[in-house]
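Participant: This structure is in structure tokens; I'll ask about it shortly.
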Amino acid sequence: MSSYQYHITSLLEKMSDTDKDFRFMALTDLITELQKESLTLDVDSEDKICQRLMQLLGDKNGEVSNLAVKCLGPLVSKVKGSRVESIVDTLGANMLQSNDQLRDISTMGLKMLISELHSSSLAAPVSLRICSKLTNALTYPKLEVQIQLECLDILSEVLHKFGTLVQSQHEKVQAALLPLLVNTRVAVRKRTSVAIGFLVQTESNTLFEELLNHVMGNLMKPNKYVQSYIVCVNVISRYAGHRFGERLKTIVPKVAEFAQTADDNDDLRESAIQVLESCVLWCPREIQGFTSDIIDLALQYICYDPNYNYDAEEDEYDDDYLDDEEDYSDDEDMSWKVRRACAKCLTAVIQARPELLSDIYSRVSPVLVSRFKEREQSVKLDIFSTYSALLRQTGTCKNIIVAEDEMADISPLTQLASQVDSIIKGLQKQLSDKKARQSCFMLLSDLVVVLPGCLAAYVDILIPALQNSISDKTNSSNVKISSLTFLRTLITHHSPEVFSPYLSSTLACVIGAIQDNFYKVISEALLVSEKLVYVIRPSTSDPATTSPPKTQEHSVALFNATLYRLKEADLDQEVKERAISCMGELISHMGDILQPQLGIALPLFLDRLRNEITRLTTVKALTVIATSNLDINVDIILSETFPLLGSFLRKMNRALKLSTLELLDKLLLKYTSSISLEIISDLINEFPRLISESDLHLSQLTLQLVSRLSQTIPQSMEKIPESVLPAALTLIRSPLLQGSALRAMSDFFCSIVKSGNSNLTFVKIVQHLTNPVYNPSPATQPANSPLAVHKQAFYSTSSCIAAMAINCATPPELESVVSKLLECLKSSSKSDSVHLFALLTLGEIGKHGDLSQHEDLQNAIMISFNSSSEDVKSAASYALGSISVGNLNLYLPFILSEIQGNTKRQYLLLHSLKEIITSMSGHERSVTILKNYVPDVWNLLVRYLDCTEEGSRNVVAECMGKLMLIDHEALLPKLLEYTSSSSTHAKSTVVTAVKYTVVEEPQPIDPMLRIHIGQFLSLIDDNDLNVRRHALVTLNSIAHNKPVLIRDHLDEILPRVYKETTIKLKREVEMGPFKYPVDDALDNRKAAFECMYTILQSCIDKLNIFQFLEHVELGLKDVPDVKMLTYLMVIRLINLNPNAIVLKLDNIIEPLRETFQSKLKDICPIGQEVEKAYELKKNAMRTVVALKKVPDAETHPSFVDFMKKIRANKETDHLLDEVLKSNQRSQEENPMEY
């Protein structure tokens, strides 16, 4: 006998012992053994353990029987399926026994088994067996009520977790459940409805129709169980989704009728209204035709309170009102349930139909405000919650509302502003109610965020209530925190002058909160103090005239309170950071008044800088001080601060390095005279390691800091040639350098040249920059490239040299540079790299100055058009367009003539024309000059609308789009004509041109374009694949840059976009002996999904989310590129509308599971794309992490099982940990985004 068999035998003997303690300990040991992965039971051991556990379920000792149940969980995975089925039989039989203890234990055992069934091979037969036994039991005519309830509970769990596995039993289950809807016991009827809800998720359409016919048939005829059927309809509407929506035309009117005719049956009326709420939430598309009627019904019954006279209350209201209200009681009155249901129903309408905001403000808002006087506390809080939901929805759509304000007669924001007075009057009485006050403040916080400044006239009402709430020692910490939060929000969104009359009392109140014992109250009070600083002194522009009376008294009082917390060492981390920030604001805003106290506070900042936990917050606080308008003397800490800041630049903490560089920049700007050259010299040694392509933002800030140094302390530039300059020269050759980092590099070179250092002259810097081009070496030349440096490095270098030549060089130096570049360009012996560099630099210089005095420049550029190098030809095109900007009258006619007469250079010359239009369309003076040539240029472009070369058409489209911004009234109608052209090339060009017309900034063309945009985007429905793709790309650009243009057309546009997500045109391409699959519609599908992703963010209020999700589900099963987009959409939907995801959770999980189960080579068979496949899995895991935020996801059986399998697999487990750590780092670096 093996050791494990001996041990099991020993445990079995103890499990049969007469001593209950032995039995208990044996079961404990058995659980430990069963949880070991290495344990494998033989047939004999399986049989004995199962038999003995079944016997112990009936043990007289409760602790032993409970422990026996716990053994069943780990036992399931160790025994064969037949044993589990035998256990199910025994437990099922025990459930029907009259022995209460055995029945309860057996019920627990079945639930334990269900929760531990993960293997589909085992789950299918076992769940079928459980389902069969429970269904049979429920059909027994004289089954005890308690047994019925237990059976229904377990059946619900089986249907919820294994609904698809027990489909063969669905008909029997439904047949057993329907009679129970008329059971005499309410509890049985309710649990039956829950079970039916889980059943409809997976049952067939035929059974679903039978169910609805049965339920609706009974609703249509009078019977005493109407409410039971109404509750059942409510559950079905939630779980059936779109299938239920198809029957709403018959269901909603009948349910509304019950709500209207329920007489004194408040429970029935409540249930009917709950059905309507559920329909609004889960069938938003189908319910649209009934929304107005539902709102009317909810508004009617939210005022339904037949046993209370509110008018009498208003007439007789006195100080004892609240006490009298609390004494009021009527146990028979259930009308409050109806009012609560109406409030929740209105909340559902607000959340599901944001496009109805204007209507809601005109119809719903006044009624809600009038109901602030609600006597039932729970209902009152629900009404507050409903109004807060309205305000938050307004805030969510605020940008859209503002954008559309000019197009609407009355916007929701205007309506809200007109109702503020009634809102305050409605809340005024409630502010004296301690139970309601917290909710009032939360509602007012939402109001002032949506409508800043709206409460200025009511501060005299709000401040006393806030002071009372914060100062009252009997209030809970949560009430104080909510009050302080609202006070901070109030101050933030109003001008400081509003609070001046109440400053003394408010300040005393906040200082009292700073002295509180609870750290969260202290923390919130310090945040309020930061805002109060601006009330104490609204402005520092002129301290002599902008300091109200008592400014010094108030400043010192707040300083002392903050200093007390700043000095304390054993405080919560949050309080430490808030105290540092508050002190920073105080000194920044009132440092001149607090001059005597600075000797105490500033050394504390130095101590906090030395503390690893508080140094980042301290750096930010010192930055605030350094940006102050006041002359604040910080000399006592300056000499010790710089070495500490220098050491921070060596740390791994990126956020600390970024904040440190920002602080150093501000200190150099403000305290130049107090900073010694020695301190700066040590600091400069830290700069080179920060200048790298691995972190361009860090490099940008470092270069900006050196530029600041050159301006404030020019003598510090002595060390730059040996330290910073080599790092900058390396970075400028990076292929990643562009945008703001490149501008910082350009400013850096200009600044060091202007510093006057003999080693940093214009000539020497130019020599350093051009040396890798003129004299390439292995150290500077990229591998396997014919060019001297990377292509992007040519653009970076030419940009920097041109900036120096224009801003720093003397006229002779500028002339020398241009002449030398021109000589290089004309020399045929020079390399392509030199020609490329010369062309780009001449173009950059010519863009900012007239180079027409060099008569041979134009010819030299035109000769470069014949170069064998494509890069040189492209640079020549850029150069010709750029120098034309400096002298349009000379060069533009020449370019137009060349385009018409030289077909070989046509594409390059069109690029030159594009460069002219792009460079000049952004400046008013340039536009005036260019406008004279618009007709000629337009007529030329029209000729090439349908040219065969796609590259040329794209350039033509961009030129046309930019020209329409200059003269839209004349050009837009002309462009519209070509949307009906017979040429597919012309239609592609036209719709692409619109993309370049739509920019983020408001343009005069916008109103006219908004009217006609539908005609352009109708090309999404064109017969040609390429035309549709270009139209989709344009739609995506508009949705991103200016969604207001398409909002009115989405009803026509979205079906076309959805249609494009379903089209696949697959074929096989032969390449030698191999065949490769090709999908011609893939680019269109990707473009369509990109449109969906963008529209989801900018126009979510116009979407039918469930229809949208149907196409997202298709994308989850598509190729990797499309999957990546749909993962992003799911994550965005989770944040915007998590309730919609709940119903589709199973459909989302399954494609994710398939992605994780696929091998990398199966996802992307080409070796180079393995990394792409890994990124796909990583994005899938990010989606899984986001799904955890979905309501009830953590208890959803499919999701729980999915997460267990992820953790059980080493690869996915590691990937999950990696994503969680990445999210945590992002949250630490960007806390405002979370």
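As shown in the structure tokens, the chain order sets the letters A, B, ...; within each chain, residues go from 1, and ligands are also counted from 1 in the order they appear.
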Quick one: which region 1091-1146 of chain A residues come within 7 Å of region 1190-1198 of chain A, and what is the nearest atom pair for each with the distance in Å to one decimal, counting only C-alpha atoms, rows ordered by chain and ascending number, as JSON lines?
Facilitator:
```
{"residue": "A:Ile1134", "atom": "CA", "partner": "A:Val1190", "partner_atom": "CA", "distance": 6.5}
{"residue": "A:Pro1138", "atom": "CA", "partner": "A:Val1190", "partner_atom": "CA", "distance": 5.4}
{"residue": "A:Val1142", "atom": "CA", "partner": "A:Val1190", "partner_atom": "CA", "distance": 6.7}
{"residue": "A:Asp1146", "atom": "CA", "partner": "A:Ser1198", "partner_atom": "CA", "distance": 6.5}
```
Participant: Write out the residues from the selection above, keeping all heavy atoms, as a compact mmCIF listing (two decimals), in the first residue's frame.
Facilitator:
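Everything below was put into part.txt:
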```txt
# COMPACT_ATOMS: atom_id res chain seq x y z
N ILE A 1134 -17.19 50.17 -22.03
CA ILE A 1134 -17.24 49.84 -20.60
C ILE A 1134 -17.25 51.12 -19.78
O ILE A 1134 -17.95 51.22 -18.76
CB ILE A 1134 -16.06 48.93 -20.21
CG1 ILE A 1134 -16.25 47.53 -20.82
CG2 ILE A 1134 -15.90 48.84 -18.70
CD1 ILE A 1134 -15.03 46.66 -20.77
N PRO A 1138 -21.55 50.81 -19.31
CA PRO A 1138 -21.27 49.43 -18.84
C PRO A 1138 -22.50 48.54 -18.81
O PRO A 1138 -22.39 47.33 -18.98
CB PRO A 1138 -20.71 49.65 -17.42
CG PRO A 1138 -21.18 51.01 -17.02
CD PRO A 1138 -21.27 51.80 -18.27
N VAL A 1142 -23.15 44.29 -20.07
CA VAL A 1142 -23.60 43.18 -19.22
C VAL A 1142 -24.33 42.13 -20.04
O VAL A 1142 -24.06 40.92 -19.93
CB VAL A 1142 -24.51 43.71 -18.09
CG1 VAL A 1142 -25.09 42.54 -17.31
CG2 VAL A 1142 -23.74 44.62 -17.16
N ASP A 1146 -21.24 37.27 -22.45
CA ASP A 1146 -20.90 35.95 -22.98
C ASP A 1146 -20.38 36.04 -24.41
O ASP A 1146 -19.42 35.37 -24.78
CB ASP A 1146 -22.12 35.03 -22.94
CG ASP A 1146 -22.45 34.58 -21.52
OD1 ASP A 1146 -21.49 34.24 -20.79
OD2 ASP A 1146 -23.62 34.58 -21.15
```
Participant: Can you pull out every residue from region 462-668 of chain A that DSSP, working from the backbone, puts in helix (DSSP H, G or I), and format the result as a ChimeraX atom specification?
Facilitator: /A:462-471,477-492,496-514,519-536,551-567,573-590,595-610,615-626,635-648,654-668
Participant: Give me, as a PDB file with N, CA and C atoms, in the first residue's frame, all polymer residues having an atom no more than 10 Å from Leu178 (chain A), counting only C-alpha atoms and skipping those fewer than 6 positions away in the same chain.
Facilitator:
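The resulting part_34.pdb:
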```
ATOM      1  N   ARG A 189     -43.311  32.736  -6.286  1.00  0.00           N
ATOM      2  CA  ARG A 189     -43.544  33.421  -7.562  1.00  0.00           C
ATOM      3  C   ARG A 189     -42.349  34.292  -7.954  1.00  0.00           C
ATOM      4  N   THR A 192     -39.451  32.128  -9.052  1.00  0.00           N
ATOM      5  CA  THR A 192     -39.759  31.551 -10.362  1.00  0.00           C
ATOM      6  C   THR A 192     -39.438  32.551 -11.477  1.00  0.00           C
ATOM      7  N   SER A 193     -39.778  33.798 -11.244  1.00  0.00           N
ATOM      8  CA  SER A 193     -39.479  34.844 -12.234  1.00  0.00           C
ATOM      9  C   SER A 193     -37.975  34.973 -12.466  1.00  0.00           C
ATOM     10  N   ILE A 196     -36.875  32.117 -14.607  1.00  0.00           N
ATOM     11  CA  ILE A 196     -37.288  32.343 -15.996  1.00  0.00           C
ATOM     12  C   ILE A 196     -36.360  33.349 -16.667  1.00  0.00           C
ATOM     13  N   LEU A 211     -43.262  31.289 -24.189  1.00  0.00           N
ATOM     14  CA  LEU A 211     -43.241  31.919 -22.867  1.00  0.00           C
ATOM     15  C   LEU A 211     -43.961  33.257 -22.897  1.00  0.00           C
ATOM     16  N   HIS A 214     -47.672  32.915 -23.272  1.00  0.00           N
ATOM     17  CA  HIS A 214     -48.311  32.489 -22.021  1.00  0.00           C
ATOM     18  C   HIS A 214     -48.436  33.669 -21.054  1.00  0.00           C
ATOM     19  N   VAL A 215     -47.364  34.390 -20.871  1.00  0.00           N
ATOM     20  CA  VAL A 215     -47.366  35.505 -19.919  1.00  0.00           C
ATOM     21  C   VAL A 215     -48.325  36.592 -20.376  1.00  0.00           C
ATOM     22  N   TYR A 229     -47.222  38.160 -13.009  1.00  0.00           N
ATOM     23  CA  TYR A 229     -46.872  38.169 -14.430  1.00  0.00           C
ATOM     24  C   TYR A 229     -46.147  39.463 -14.810  1.00  0.00           C
TER      25      TYR A 229
END
```
Participant: I'd like the neighbourhood of Met964 (chain A) as a PyMOL selection string, where a residue qualifies if any of its atoms comes within 8 Å (using only C-alpha atoms), though same-chain residues fewer than 4 positions away should be ignored.
Facilitator: chain A and resi 960+968+971-972+997+1005
Participant: Store the residues picked out above in a file with N, CA, C and O atoms, as an mmCIF file, in the first residue's frame.
Facilitator:
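And here's part.cif as it stands now:
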```cif
data_model
loop_
_atom_site.group_PDB
_atom_site.id
_atom_site.type_symbol
_atom_site.label_atom_id
_atom_site.label_comp_id
_atom_site.auth_asym_id
_atom_site.auth_seq_id
_atom_site.Cartn_x
_atom_site.Cartn_y
_atom_site.Cartn_z
ATOM 1 N N MET A 960 -7.355 70.957 -53.049
ATOM 2 C CA MET A 960 -8.735 71.422 -53.167
ATOM 3 C C MET A 960 -9.346 71.701 -51.792
ATOM 4 O O MET A 960 -10.063 72.691 -51.597
ATOM 5 N N HIS A 968 -14.818 79.325 -49.885
ATOM 6 C CA HIS A 968 -15.767 78.211 -49.873
ATOM 7 C C HIS A 968 -17.059 78.518 -50.624
ATOM 8 O O HIS A 968 -17.667 77.625 -51.205
ATOM 9 N N LEU A 971 -16.305 77.708 -54.242
ATOM 10 C CA LEU A 971 -15.737 76.407 -54.592
ATOM 11 C C LEU A 971 -16.562 75.212 -54.121
ATOM 12 O O LEU A 971 -16.573 74.172 -54.777
ATOM 13 N N LEU A 972 -17.233 75.313 -52.968
ATOM 14 C CA LEU A 972 -17.972 74.161 -52.450
ATOM 15 C C LEU A 972 -19.082 73.703 -53.405
ATOM 16 O O LEU A 972 -19.218 72.498 -53.654
ATOM 17 N N THR A 997 -10.746 69.752 -45.620
ATOM 18 C CA THR A 997 -11.469 70.992 -45.339
ATOM 19 C C THR A 997 -11.878 71.069 -43.871
ATOM 20 O O THR A 997 -12.003 72.158 -43.311
ATOM 21 N N ILE A 1005 -16.567 78.022 -43.450
ATOM 22 C CA ILE A 1005 -17.218 77.024 -44.317
ATOM 23 C C ILE A 1005 -18.140 76.084 -43.541
ATOM 24 O O ILE A 1005 -18.999 75.426 -44.129
#
```
Participant: With only C-alpha atoms as the counted atoms, please give the residues lying no more than 9 Å from Val194 (chain A), apart from itself and same-chain residues fewer than 6 positions off, as a PDB file with all heavy atoms, in the first residue's frame.
Facilitator:
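Final output, selection-v1.pdb:
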```pdb
ATOM      1  N   LEU A 152     -35.756  26.133  -6.696  1.00  0.00           N
ATOM      2  CA  LEU A 152     -35.736  27.271  -7.619  1.00  0.00           C
ATOM      3  C   LEU A 152     -34.408  28.013  -7.559  1.00  0.00           C
ATOM      4  O   LEU A 152     -33.875  28.459  -8.580  1.00  0.00           O
ATOM      5  CB  LEU A 152     -36.899  28.221  -7.296  1.00  0.00           C
ATOM      6  CG  LEU A 152     -38.294  27.718  -7.700  1.00  0.00           C
ATOM      7  CD1 LEU A 152     -39.374  28.584  -7.070  1.00  0.00           C
ATOM      8  CD2 LEU A 152     -38.435  27.703  -9.218  1.00  0.00           C
ATOM      9  N   ASP A 153     -33.859  28.149  -6.365  1.00  0.00           N
ATOM     10  CA  ASP A 153     -32.558  28.804  -6.210  1.00  0.00           C
ATOM     11  C   ASP A 153     -31.473  28.056  -6.985  1.00  0.00           C
ATOM     12  O   ASP A 153     -30.676  28.655  -7.725  1.00  0.00           O
ATOM     13  CB  ASP A 153     -32.165  28.875  -4.729  1.00  0.00           C
ATOM     14  CG  ASP A 153     -32.802  30.062  -4.021  1.00  0.00           C
ATOM     15  OD1 ASP A 153     -33.297  30.954  -4.731  1.00  0.00           O
ATOM     16  OD2 ASP A 153     -32.813  30.075  -2.778  1.00  0.00           O
ATOM     17  N   SER A 156     -31.934  28.181 -10.757  1.00  0.00           N
ATOM     18  CA  SER A 156     -31.500  29.487 -11.278  1.00  0.00           C
ATOM     19  C   SER A 156     -29.993  29.508 -11.494  1.00  0.00           C
ATOM     20  O   SER A 156     -29.499  30.011 -12.515  1.00  0.00           O
ATOM     21  CB  SER A 156     -31.901  30.612 -10.319  1.00  0.00           C
ATOM     22  OG  SER A 156     -33.304  30.730 -10.231  1.00  0.00           O
ATOM     23  N   CYS A 232     -42.643  39.041 -13.799  1.00  0.00           N
ATOM     24  CA  CYS A 232     -42.005  38.137 -14.754  1.00  0.00           C
ATOM     25  C   CYS A 232     -41.624  38.883 -16.039  1.00  0.00           C
ATOM     26  O   CYS A 232     -40.531  38.701 -16.580  1.00  0.00           O
ATOM     27  CB  CYS A 232     -42.947  36.973 -15.079  1.00  0.00           C
ATOM     28  SG  CYS A 232     -42.193  35.711 -16.126  1.00  0.00           S
ATOM     29  N   VAL A 235     -38.497  40.890 -15.458  1.00  0.00           N
ATOM     30  CA  VAL A 235     -37.279  40.081 -15.498  1.00  0.00           C
ATOM     31  C   VAL A 235     -36.925  39.704 -16.939  1.00  0.00           C
ATOM     32  O   VAL A 235     -35.767  39.792 -17.359  1.00  0.00           O
ATOM     33  CB  VAL A 235     -37.444  38.811 -14.631  1.00  0.00           C
ATOM     34  CG1 VAL A 235     -36.239  37.894 -14.795  1.00  0.00           C
ATOM     35  CG2 VAL A 235     -37.630  39.182 -13.167  1.00  0.00           C
ATOM     36  N   ILE A 236     -37.927  39.306 -17.703  1.00  0.00           N
ATOM     37  CA  ILE A 236     -37.689  38.910 -19.101  1.00  0.00           C
ATOM     38  C   ILE A 236     -37.109  40.084 -19.890  1.00  0.00           C
ATOM     39  O   ILE A 236     -36.186  39.918 -20.699  1.00  0.00           O
ATOM     40  CB  ILE A 236     -38.995  38.410 -19.752  1.00  0.00           C
ATOM     41  CG1 ILE A 236     -39.456  37.112 -19.086  1.00  0.00           C
ATOM     42  CG2 ILE A 236     -38.805  38.189 -21.248  1.00  0.00           C
ATOM     43  CD1 ILE A 236     -40.834  36.658 -19.524  1.00  0.00           C
TER      44      ILE A 236
END
```
Participant: Nearest residue to Phe1106 (chain A) out of A:Val789, A:Met1181, A:Cys824, A:Gly245, using only C-alpha atoms?
Facilitator: A:Gly245
Participant: When you draw a straight line from CA of Pro284 (chain A) to CA of Asp1101 (chain A), how long is it in Å?
Facilitator: 11.5 Å
Participant: Need the shell around region 418-423 of chain A: protein/DNA/RNA residues with any atom at most 12 Å away, counting only C-alpha atoms. Skip same-chain ones fewer than 2 positions apart. Format as a PyMOL selection string?
Facilitator: chain A and resi 361-373+384+387-388+391+410-416+425-430+440+443-444+447-448+450-458+461
Participant: What is the CA of Leu571 (chain A) to CA of Ser555 (chain A) distance in Å?
Facilitator: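 Atom-to-atom, CA of Leu571 (chain A) to CA of Ser555 (chain A), that is 23.5 Å.
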Participant: Work out how far CA of Ile350 (chain A) is from CA of Tyr1127 (chain A), in Å to one decimal.
Facilitator: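 For CA of Tyr1127 (chain A) relative to CA of Ile350 (chain A), the distance reads 27.5 Å.
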Participant: Give me the residues within 9 Å of Ile720 (chain A) as a list in words, counting only C-alpha atoms and dropping any in the same chain fewer than 4 places off.
Facilitator: Ile684, Val706, Ser716, Val724, Leu725, Pro726, Ile752 and Leu760 of chain A
Participant: Can those selected residues be exported to a file as a compact mmCIF listing (two decimals), in the first residue's frame so that it contains all heavy atoms?
Facilitator:
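Writing done, so here's result-v6.txt:
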```txt
# COMPACT_ATOMS: atom_id res chain seq x y z
N ILE A 684 24.67 71.17 -15.02
CA ILE A 684 24.81 70.89 -16.46
C ILE A 684 25.35 69.49 -16.70
O ILE A 684 25.02 68.85 -17.71
CB ILE A 684 25.73 71.97 -17.12
CG1 ILE A 684 24.98 73.30 -17.18
CG2 ILE A 684 26.16 71.55 -18.51
CD1 ILE A 684 25.80 74.46 -17.68
N VAL A 706 18.26 74.30 -21.12
CA VAL A 706 19.55 74.82 -21.56
C VAL A 706 19.35 76.14 -22.32
O VAL A 706 20.15 77.08 -22.17
CB VAL A 706 20.28 73.80 -22.46
CG1 VAL A 706 21.60 74.37 -22.97
CG2 VAL A 706 20.53 72.51 -21.69
N SER A 716 27.40 80.34 -18.43
CA SER A 716 27.31 78.91 -18.15
C SER A 716 27.46 78.06 -19.41
O SER A 716 27.59 76.84 -19.33
CB SER A 716 25.97 78.59 -17.48
OG SER A 716 24.89 78.86 -18.38
N VAL A 724 26.45 69.03 -23.34
CA VAL A 724 25.12 68.95 -23.93
C VAL A 724 25.15 68.86 -25.45
O VAL A 724 24.37 68.12 -26.05
CB VAL A 724 24.27 70.17 -23.49
CG1 VAL A 724 22.89 70.13 -24.15
CG2 VAL A 724 24.13 70.20 -21.98
N LEU A 725 26.06 69.60 -26.09
CA LEU A 725 26.09 69.66 -27.55
C LEU A 725 26.25 68.27 -28.20
O LEU A 725 25.52 67.95 -29.14
CB LEU A 725 27.18 70.62 -28.03
CG LEU A 725 27.22 70.86 -29.54
CD1 LEU A 725 25.90 71.42 -30.03
CD2 LEU A 725 28.37 71.80 -29.90
N PRO A 726 27.18 67.43 -27.74
CA PRO A 726 27.29 66.09 -28.36
C PRO A 726 26.00 65.28 -28.25
O PRO A 726 25.63 64.58 -29.20
CB PRO A 726 28.43 65.44 -27.56
CG PRO A 726 29.25 66.58 -27.06
CD PRO A 726 28.27 67.66 -26.75
N ILE A 752 21.90 79.00 -28.03
CA ILE A 752 23.33 78.91 -27.72
C ILE A 752 24.17 79.76 -28.68
O ILE A 752 25.23 80.27 -28.31
CB ILE A 752 23.81 77.44 -27.71
CG1 ILE A 752 23.66 76.78 -29.09
CG2 ILE A 752 23.09 76.65 -26.64
CD1 ILE A 752 24.24 75.38 -29.16
N LEU A 760 30.46 78.49 -29.74
CA LEU A 760 29.09 78.20 -30.14
C LEU A 760 28.59 79.22 -31.15
O LEU A 760 27.43 79.65 -31.10
CB LEU A 760 28.16 78.18 -28.91
CG LEU A 760 28.49 77.14 -27.83
CD1 LEU A 760 27.64 77.36 -26.59
CD2 LEU A 760 28.27 75.72 -28.36
```
Participant: Of the residues A:Leu839, A:Met590, A:Val521, A:Ile580, which is the one nearest to Gln552 (chain A), using only C-alpha atoms?
Facilitator: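 Comparing A:Leu839, A:Met590, A:Val521, A:Ile580 against Gln552 (chain A), the winner is A:Met590.
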Participant: Looking at only C-alpha atoms, which of A:Ala986, A:Leu668, A:Leu736, A:Met220 is the one that sits closest to Val1027 (chain A)?
Facilitator: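 Nearest candidate to Val1027 (chain A) out of A:Ala986, A:Leu668, A:Leu736, A:Met220: A:Ala986.
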Participant: Taking into account only C-alpha atoms, which residue in the set A:Asp382, A:Asp682, A:Asp19, A:Asp359 is nearest to Lys344 (chain A)?
Facilitator: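 Under the stated criterion, the closest residue is A:Asp382.
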Participant: Between A:Gln704, A:Arg488, A:Asn771, A:Gln792, which residue has the minimum interatomic distance to Phe749 (chain A), considering only C-alpha atoms?
Facilitator: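 For Phe749 (chain A), the nearest of the candidates is A:Gln704.
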